[in-house]
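Engineer: The following file, final_11.cif, comprises mmCIF, C-alpha atoms:
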data_protein
loop_
_atom_site.label_atom_id
_atom_site.label_comp_id
_atom_site.auth_asym_id
_atom_site.auth_seq_id
_atom_site.Cartn_x
_atom_site.Cartn_y
_atom_site.Cartn_z
CA LEU L 22 -14.54 13.47 16.68
CA THR L 23 -11.60 13.12 19.05
CA SER L 24 -11.67 9.31 19.06
CA LEU L 25 -12.94 6.52 16.83
CA ASP L 26 -13.16 2.83 17.73
CA VAL L 27 -13.16 0.49 14.72
CA SER L 28 -11.64 -2.48 16.54
CA ASN L 29 -14.70 -4.64 15.88
CA CYS L 30 -15.09 -3.60 12.25
CA ILE L 31 -13.20 -6.55 10.84
CA ALA L 32 -15.12 -6.44 7.53
CA LEU L 33 -14.36 -2.73 6.97
CA THR L 34 -13.08 -1.98 3.46
CA ASP L 35 -13.50 1.81 3.27
CA LEU L 36 -12.99 4.33 6.07
CA ASN L 37 -13.62 8.07 5.76
CA CYS L 38 -12.78 9.90 8.99
CA TYR L 39 -11.24 13.07 7.63
CA ASP L 40 -11.62 16.60 8.99
CA ASN L 41 -11.83 15.74 12.67
CA ASN L 42 -9.62 16.04 15.76
CA LEU L 43 -8.38 12.46 15.93
CA ILE L 44 -5.00 12.01 17.59
CA SER L 45 -4.88 8.22 17.18
CA LEU L 46 -6.50 5.53 15.07
CA ASP L 47 -6.31 1.81 15.84
CA LEU L 48 -6.55 -0.17 12.59
CA SER L 49 -4.97 -3.38 13.82
CA ASN L 50 -8.13 -5.46 13.15
CA CYS L 51 -8.92 -3.86 9.79
CA THR L 52 -7.07 -6.42 7.73
CA ILE L 53 -9.16 -6.05 4.56
CA LEU L 54 -9.28 -2.25 4.58
CA GLN L 55 -8.69 -0.94 1.07
CA ASP L 56 -9.42 2.79 1.15
CA LEU L 57 -8.43 5.03 4.08
CA ASN L 58 -9.12 8.76 4.19
CA CYS L 59 -7.91 10.15 7.51
CA TYR L 60 -6.59 13.50 6.35
CA ASP L 61 -7.10 16.81 8.20
CA ASN L 62 -6.78 15.40 11.71
CA ASN L 63 -4.17 15.61 14.49
CA LEU L 64 -2.63 12.18 14.04
CA THR L 65 0.94 11.87 15.29
CA SER L 66 1.25 8.20 14.32
CA LEU L 67 -0.50 5.81 11.98
CA ASP L 68 -0.03 2.05 11.98
CA VAL L 69 -1.32 0.41 8.80
CA SER L 70 0.93 -2.65 8.99
CA ASN L 71 -2.05 -5.03 9.31
CA CYS L 72 -3.96 -3.37 6.47
CA ILE L 73 -2.34 -5.52 3.83
CA ALA L 74 -5.14 -4.94 1.29
CA LEU L 75 -4.78 -1.16 1.41
CA THR L 76 -4.74 0.44 -2.07
CA ASP L 77 -5.51 4.10 -1.31
CA LEU L 78 -4.14 6.09 1.64
CA ASN L 79 -4.87 9.77 2.14
CA CYS L 80 -3.30 10.88 5.41
CA TYR L 81 -2.23 14.41 4.53
CA ASN L 82 -2.49 17.42 6.86
CA ASN L 83 -1.62 15.57 10.05
CA SER L 84 1.48 15.50 12.26
CA LEU L 85 2.99 12.18 11.25
CA ALA L 86 6.72 11.87 11.93
CA SER L 87 7.00 8.40 10.38
CA LEU L 88 5.01 6.09 8.14
CA ASN L 89 5.77 2.40 7.72
CA LEU L 90 4.30 1.05 4.49
CA SER L 91 6.45 -2.06 4.09
CA ASN L 92 3.47 -4.45 4.41
CA ASN L 93 1.20 -2.49 2.09
CA THR L 94 2.32 -4.03 -1.18
CA ALA L 95 -1.05 -3.37 -2.87
CA LEU L 96 -0.82 0.39 -2.29
CA GLN L 97 -1.50 2.40 -5.46
CA ASP L 98 -2.26 5.93 -4.27
CA LEU L 99 -0.45 7.70 -1.43
CA SER L 100 -1.10 11.29 -0.35
CA CYS L 101 0.91 12.08 2.76
CA TYR L 102 1.76 15.73 2.19
CA ASN L 103 1.93 18.35 4.96
CA ASN L 104 3.19 16.10 7.73
CA SER L 105 6.57 15.86 9.50
CA LEU L 106 8.03 12.85 7.72
CA THR L 107 11.83 12.69 7.61
CA SER L 108 12.00 9.49 5.54
CA LEU L 109 9.72 7.46 3.32
CA ASP L 110 10.61 3.90 2.31
CA LEU L 111 8.55 2.81 -0.68
CA SER L 112 10.79 -0.02 -1.88
CA ASN L 113 8.08 -2.66 -1.26
CA ASN L 114 5.24 -0.68 -2.84
CA LEU L 115 5.70 -1.85 -6.41
CA ALA L 116 2.06 -1.13 -7.34
CA LEU L 117 2.36 2.55 -6.40
CA GLN L 118 1.06 4.85 -9.15
CA ASP L 119 0.47 8.22 -7.49
CA LEU L 120 2.65 9.80 -4.80
CA SER L 121 2.11 13.19 -3.20
CA CYS L 122 4.54 13.83 -0.34
CA SER L 123 5.12 17.59 -0.44
CA GLY L 124 5.51 19.69 2.68
CA ASN L 125 7.48 17.22 4.79
CA ASN L 126 11.09 17.01 6.02
CA LEU L 127 12.28 14.44 3.50
CA THR L 128 15.96 14.50 2.48
CA SER L 129 15.98 11.59 0.04
CA LEU L 130 13.50 9.65 -2.04
CA ASP L 131 14.27 6.35 -3.77
CA LEU L 132 11.64 5.34 -6.31
CA SER L 133 13.84 3.07 -8.40
CA ASN L 134 11.64 0.03 -7.62
CA ASN L 135 8.35 1.78 -8.37
CA THR L 136 7.91 0.93 -12.04
CA ALA L 137 4.14 1.65 -11.99
CA LEU L 138 4.67 5.27 -10.91
CA GLN L 139 2.72 7.85 -12.95
CA ASP L 140 2.42 10.91 -10.73
CA LEU L 141 5.09 12.37 -8.40
CA ILE L 142 4.66 15.54 -6.34
CA CYS L 143 7.34 16.07 -3.69
CA ALA L 144 7.74 19.85 -3.46
CA ASN L 145 8.64 21.83 -0.33
CA ASN L 146 10.93 19.31 1.31
CA TYR L 147 14.66 19.22 2.09
CA LEU L 148 15.51 16.74 -0.62
CA THR L 149 19.11 16.30 -1.70
CA SER L 150 18.52 13.16 -3.77
CA ILE L 151 15.71 11.65 -5.82
CA ASN L 152 16.24 8.37 -7.65
CA VAL L 153 13.42 7.76 -10.10
CA LYS L 154 15.47 5.61 -12.46
CA ASN L 155 12.98 2.75 -12.62
CA GLY L 156 13.11 1.80 -16.30
CA ASN L 157 9.64 3.19 -16.93
CA ASN L 158 9.95 6.99 -16.76
CA THR L 159 7.83 7.53 -19.88
CA ASN L 160 4.80 6.48 -17.81
CA ILE L 161 5.19 9.48 -15.49
CA TYR L 162 2.88 12.24 -16.74
CA ASN L 163 3.15 14.57 -13.72
CA PHE L 164 6.50 15.41 -12.09
CA TYR L 165 6.80 18.26 -9.58
CA THR L 166 9.81 18.84 -7.30
CA LEU L 167 9.88 22.62 -6.78
CA ASN L 168 11.15 24.26 -3.58
CA ASN L 169 13.86 21.76 -2.74
CA PRO L 170 16.79 24.20 -2.63
CA ASP L 171 19.50 21.57 -2.00
CA LEU L 172 18.38 19.23 -4.77
CA THR L 173 20.94 19.48 -7.59
CA CYS L 174 20.57 16.12 -9.35
CA ILE L 175 17.66 13.76 -10.04
CA GLN L 176 18.58 10.29 -11.27
CA VAL L 177 16.43 9.20 -14.21
CA ASP L 178 16.27 6.77 -17.14
CA ASP L 179 16.97 9.39 -19.83
CA ALA L 180 18.15 12.87 -18.87
CA THR L 181 17.15 14.38 -22.21
CA TYR L 182 13.62 13.01 -22.00
CA SER L 183 13.16 14.21 -18.42
CA ALA L 184 14.50 17.69 -19.15
CA THR L 185 12.06 17.97 -22.05
CA TYR L 186 8.90 16.80 -20.33
CA TRP L 187 9.48 17.38 -16.61
CA THR L 188 9.92 21.11 -16.25
CA ASP L 189 8.55 21.72 -12.73
CA ILE L 190 11.97 21.61 -11.06
CA ASP L 191 14.13 24.24 -9.37
CA ALA L 192 16.73 26.24 -11.30
CA GLN L 193 19.66 24.45 -9.61
CA THR L 194 18.22 20.99 -10.31
CA SER L 195 19.15 18.89 -13.33
CA PHE L 196 18.63 15.32 -14.53
CA SER L 197 21.25 12.64 -14.95
CA GLU L 198 21.43 8.90 -15.55
CA ASP L 199 23.99 8.73 -12.73
CA CYS L 200 23.93 11.20 -9.83
CA ASN L 201 26.56 9.30 -7.81
CA TYR L 202 24.11 8.81 -4.97
CA ASN L 203 26.25 5.99 -3.59
CA THR L 204 29.02 8.45 -2.77
CA VAL L 205 29.58 8.93 0.97
CA VAL L 206 30.22 12.52 2.03
CA LEU L 207 32.17 12.97 5.27
CA SER L 208 32.85 16.12 7.29
CA PRO L 209 35.26 14.93 10.01
CA LYS L 210 36.80 17.26 12.55
CA LEU L 211 39.83 16.59 14.75
CA PHE L 212 42.56 18.34 16.74
CA LEU L 213 46.19 17.32 17.23
CA GLN L 214 47.27 17.68 20.85
CA GLY L 215 50.79 18.85 20.05
CA ALA L 216 49.65 21.63 17.73
CA TYR L 217 46.57 22.68 19.72
CA ASN L 218 46.66 26.21 21.13
CA ASN L 219 43.59 28.05 22.48
CA GLY L 220 40.93 26.56 20.21
CA ILE L 221 43.03 26.38 17.06
CA MET L 222 46.13 24.50 15.86
CA LEU L 223 49.48 26.07 15.08
CA ASP L 224 50.58 25.75 11.45
CA ASP L 225 54.34 25.66 12.02
CA LEU L 226 54.90 22.81 9.56
CA ARG L 227 53.25 24.80 6.79
CA SER L 228 54.79 28.16 7.60
CA ASN L 229 58.27 26.62 7.77
CA ASN L 230 57.81 24.72 4.49
CA TYR L 231 57.99 21.29 6.11
CA LEU L 232 54.74 19.99 4.57
CA PRO L 233 55.28 17.75 1.52
CA THR L 234 52.99 18.13 -1.50
CA THR L 235 52.81 14.33 -1.73
CA SER L 236 50.93 12.40 0.95
CA PRO L 237 53.18 10.39 3.31
CA TYR L 238 50.52 7.68 3.46
CA VAL L 239 50.12 4.54 1.38
CA ASP L 240 48.24 6.13 -1.54
CA ALA L 241 51.02 8.71 -2.04
CA THR L 242 48.48 11.17 -3.44
CA VAL L 243 49.97 14.31 -4.98
CA CYS L 244 48.29 17.59 -4.00
CA TYR L 245 48.61 19.53 -7.23
CA TYR L 246 46.58 22.40 -5.75
CA CYS L 247 49.20 22.73 -3.02
CA TYR L 248 51.62 24.14 -5.58
CA SER L 249 49.32 27.05 -6.31
CA GLY L 250 47.64 28.31 -3.19
CA THR L 251 46.50 25.60 -0.77
CA PHE L 252 49.64 25.77 1.37
CA ASP L 253 49.64 29.57 1.16
CA THR L 254 46.34 29.89 3.07
CA THR L 255 46.62 31.28 6.60
CA GLY L 256 44.25 31.64 9.54
CA ASN L 257 41.56 29.07 10.40
CA ASP L 258 41.90 27.32 7.04
CA ALA L 259 45.68 27.01 7.14
CA ILE L 260 46.86 23.45 6.46
CA ILE L 261 48.33 21.78 9.55
CA ASP L 262 49.26 18.33 8.28
CA TRP L 263 48.29 15.32 6.19
CA VAL L 264 45.81 12.82 7.70
CA TRP L 265 44.59 9.36 6.68
CA ILE L 266 40.82 8.67 6.52
CA GLU L 267 39.33 5.16 6.49
CA LEU L 268 35.69 4.10 6.11
CA ARG L 269 35.13 0.70 7.71
CA ASP L 270 32.33 -1.85 7.46
CA ALA L 271 29.63 -1.40 10.12
CA SER L 272 29.41 -5.11 10.97
CA ASP L 273 33.10 -5.98 10.61
CA VAL L 274 35.49 -3.11 11.42
CA SER L 275 38.44 -5.12 10.07
CA ILE L 276 37.10 -4.50 6.56
CA VAL L 277 38.19 -1.19 5.03
CA VAL L 278 35.49 -0.04 2.58
CA ALA L 279 37.29 3.11 1.42
CA GLN L 280 40.41 5.06 2.31
CA THR L 281 42.14 8.26 1.25
CA SER L 282 44.64 10.92 2.21
CA ALA L 283 43.25 14.31 3.25
CA LEU L 284 44.41 17.62 4.71
CA LEU L 285 43.83 18.95 8.22
CA GLN L 286 43.07 22.66 8.71
CA ALA L 287 43.88 24.81 11.74
CA ASP L 288 40.23 24.90 12.89
CA GLY L 289 40.02 21.08 12.89
CA ASP L 290 38.27 20.60 9.55
CA VAL L 291 39.46 17.68 7.44
CA VAL L 292 39.23 18.61 3.77
CA ALA L 293 39.88 17.08 0.35
CA LEU L 294 42.99 18.06 -1.58
CA ASP L 295 41.14 20.53 -3.82
#
Just give me the structure of the file as structure tokens.

Structural biologist:
Amino acid sequence: LTSLDVSNCIALTDLNCYDNNLISLDLSNCTILQDLNCYDNNLTSLDVSNCIALTDLNCYNNSLASLNLSNNTALQDLSCYNNSLTSLDLSNNLALQDLSCSGNNLTSLDLSNNTALQDLICANNYLTSINVKNGNNTNIYNFYTLNNPDLTCIQVDDATYSATYWTDIDAQTSFSEDCNYNTVVLSPKLFLQGAYNNGIMLDDLRSNNYLPTTSPYVDATVCYYCYSGTFDTTGNDAIIDWVWIELRDASDVSIVVAQTSALLQADGDVVALD
């Protein structure tokens, strides 16, 4: 099948259309649909927003770039592996028990609201954070996160329990009750016009010992590392000057959320004091 019209099937509760060549599927009138098996097709999008009774969704082995499940609060079983998903918001799916989302492009996964979760398989992604601290981790009998090379910390209820019973994780991955996922990581880059010279900045202040080891800005941060090496570095990573970094509120730029002194390198990188 390359197309399937179910627009008049308003009483449809179960739909099995897997292993075809479908590129689209209109489910807008299937408001009482409970079980959908549309895996092994060529779907690039899937709108299940009107399927508010949906409990089981198997849409794996397609080409889905996004999947909105915010209206599917009855969803219990989700298999969406081997797609092209870059994000997956499951904060409204409190009934979710089984999740298989391996083989996508996910970078983060927040399951802190999913207290009914029993089975999690999210291997072969680009995950850097997983928050499964939902107060009910002892209910999870299957936990598999292998082949996420940038995943170093998984936030859980009890790190000791998880390390004992959840062993299908990468070597660099560990469990913690607090992974500091609320930390914002910035990588700003800037060039000073006066010091700029053919793609790099001159480090005259450093080389002539004019740079103070204490920030000239309001926090007056002391760079203890500057006493033992930081100011001795030459080349692209040579320190040019102190800079002041502010993180401001998205809706009201007059509100400073965070601020700190930092150091500017010759190649334009802004780096922390260590």

Engineer: Quick one: residues within 7 Å of Tyr102 (chain L), only C-alpha atoms counted, chain neighbours fewer than 6 positions away excluded, as a PyMOL selection string?

Structural biologist: chain L and resi 81-82+121-125

Engineer: For the file shown, what are the residues hit by the PyMOL selection byres ((chain L and resi 240) around 10), laid out as a compact mmCIF listing (two decimals) with C-alpha atoms, keeping the file's coordinate frame?

Structural biologist:
# COMPACT_ATOMS: atom_id res chain seq x y z
CA THR L 235 52.81 14.33 -1.73
CA SER L 236 50.93 12.40 0.95
CA PRO L 237 53.18 10.39 3.31
CA TYR L 238 50.52 7.68 3.46
CA VAL L 239 50.12 4.54 1.38
CA ALA L 241 51.02 8.71 -2.04
CA THR L 242 48.48 11.17 -3.44
CA VAL L 243 49.97 14.31 -4.98
CA TRP L 265 44.59 9.36 6.68
CA GLN L 280 40.41 5.06 2.31
CA THR L 281 42.14 8.26 1.25
CA SER L 282 44.64 10.92 2.21

Engineer: If you apply the PyMOL selection byres ((chain L and resi 79) around 8) to this file, what residues do you get, as a PyMOL selection string?

Structural biologist: chain L and resi 57-60+77-78+80-81+98-101

Engineer: Could you tell me how far CA of Ser49 (chain L) lies from CA of Gln118 (chain L), in Å and to one decimal?

Structural biologist: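 Distance reported for this atom pair: 25.1 Å.
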
Engineer: Could you give me, as a list of chain:residue names, the residues within 7 Å of Leu117 (chain L), counting only C-alpha atoms and dropping anything in the same chain fewer than 4 positions from it?

Structural biologist: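 The residues that qualify are L:Leu96, L:Gln97, L:Asp98, L:Asn135, L:Ala137, L:Leu138.
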
Engineer: May I have the selected residues written with C-alpha atoms, as a PDB file, in the coordinates of the input?

Structural biologist:
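And here's again-v3.pdb as it stands now:
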ATOM      1  CA  LEU L  96      -0.820   0.390  -2.290  1.00  0.00           C
ATOM      2  CA  GLN L  97      -1.500   2.400  -5.460  1.00  0.00           C
ATOM      3  CA  ASP L  98      -2.260   5.930  -4.270  1.00  0.00           C
ATOM      4  CA  ASN L 135       8.350   1.780  -8.370  1.00  0.00           C
ATOM      5  CA  ALA L 137       4.140   1.650 -11.990  1.00  0.00           C
ATOM      6  CA  LEU L 138       4.670   5.270 -10.910  1.00  0.00           C
TER       7      LEU L 138
END

Engineer: Can you sort out the box for region 265-283 of chain L, edges along x, y and z, all listed atoms in, 6 Å on every side, with centre and edge lengths in Å to one decimal, as AutoDock Vina command-line options?

Structural biologist:
--center_x 37.0 --center_y 4.2 --center_z 6.3 --size_x 27.2 --size_y 32.3 --size_z 22.2

Engineer: State, in Å with one decimal place, the distance from CA of Ala74 (chain L) to CA of Cys38 (chain L).

Structural biologist: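 Atom-to-atom, CA of Ala74 (chain L) to CA of Cys38 (chain L), that is 18.4 Å.
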
Engineer: Tell me, in Å to one decimal, how far CA of Asn218 (chain L) is from CA of Gly289 (chain L).

Structural biologist: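 Result for CA of Asn218 (chain L) versus CA of Gly289 (chain L): 11.8 Å, one decimal.
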
Engineer: Just the residues within 9 Å of region 110-112 of chain L, please, counting only C-alpha atoms, with nothing from its chain fewer than 4 positions along; format it as a list of chain:residue names.

Structural biologist: L:Leu88, L:Asn89, L:Leu90, L:Ser91, L:Leu117, L:Leu130, L:Asp131, L:Leu132, L:Ser133, L:Asn134, L:Asn135

Engineer: Give me the result of the PyMOL selection byres ((chain L and resi 290) around 7) on this file, residue by residue, as a VMD selection string.

Structural biologist: chain L and resid 209 to 211 285 to 286 288 to 289 291 to 292

Engineer: Between L:Thr23, L:Thr194, L:Thr128, L:Ser84, single out the one closest to Leu43 (chain L), counting all atoms listed in the file.

Structural biologist: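 Smallest distance to Leu43 (chain L) is found for L:Thr23.
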
Engineer: Rank L:Ser108, L:Asn41, L:Thr255, L:Thr34 by their smallest atom-to-atom distance to Ile73 (chain L), using only C-alpha atoms, and report the top residue only.

Structural biologist: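 Once distances to Ile73 (chain L) are computed over only C-alpha atoms, the minimum belongs to L:Thr34.
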
Engineer: Fewer than 3 positions away in the same chain doesn't count, so skip those; otherwise give me all residues within 8 Å of Leu284 (chain L), counting all atoms listed in the file, as an mmCIF file with C-alpha atoms, in the frame of the given file.

Structural biologist:
data_model
loop_
_atom_site.group_PDB
_atom_site.id
_atom_site.type_symbol
_atom_site.label_atom_id
_atom_site.label_comp_id
_atom_site.auth_asym_id
_atom_site.auth_seq_id
_atom_site.Cartn_x
_atom_site.Cartn_y
_atom_site.Cartn_z
ATOM 1 C CA ILE L 260 46.860 23.450 6.460
ATOM 2 C CA ILE L 261 48.330 21.780 9.550
ATOM 3 C CA ASP L 262 49.260 18.330 8.280
ATOM 4 C CA TRP L 263 48.290 15.320 6.190
ATOM 5 C CA VAL L 264 45.810 12.820 7.700
ATOM 6 C CA VAL L 291 39.460 17.680 7.440
ATOM 7 C CA VAL L 292 39.230 18.610 3.770
ATOM 8 C CA ALA L 293 39.880 17.080 0.350
ATOM 9 C CA LEU L 294 42.990 18.060 -1.580
#

Engineer: Counting all atoms listed in the file, what is within 8 Å of region 166-171 of chain L, bar same-chain residues fewer than 5 positions away, as a list in words?

Structural biologist: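 My list of contacting residues is Ile142, Cys143, Ala144, Asn145, Asn146, Tyr147, Leu148, Thr149, Asp189, Ile190, Asp191 and Gln193 of chain L.
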
Engineer: Just checking: using all atoms listed in the file, which residue out of L:Gln139, L:Ser208, L:Ser150, L:Asn257 ends up closest to Met222 (chain L)?

Structural biologist: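 Smallest separation from Met222 (chain L) among the options: L:Asn257.
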
Engineer: Nearest to Asn155 (chain L) among L:Ala86, L:Leu213, L:Ala271, L:Val177, with distances taken over all atoms listed in the file: which residue is it?

Structural biologist: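 When distances to Asn155 (chain L) are compared using all atoms listed in the file, the smallest one comes from L:Val177.
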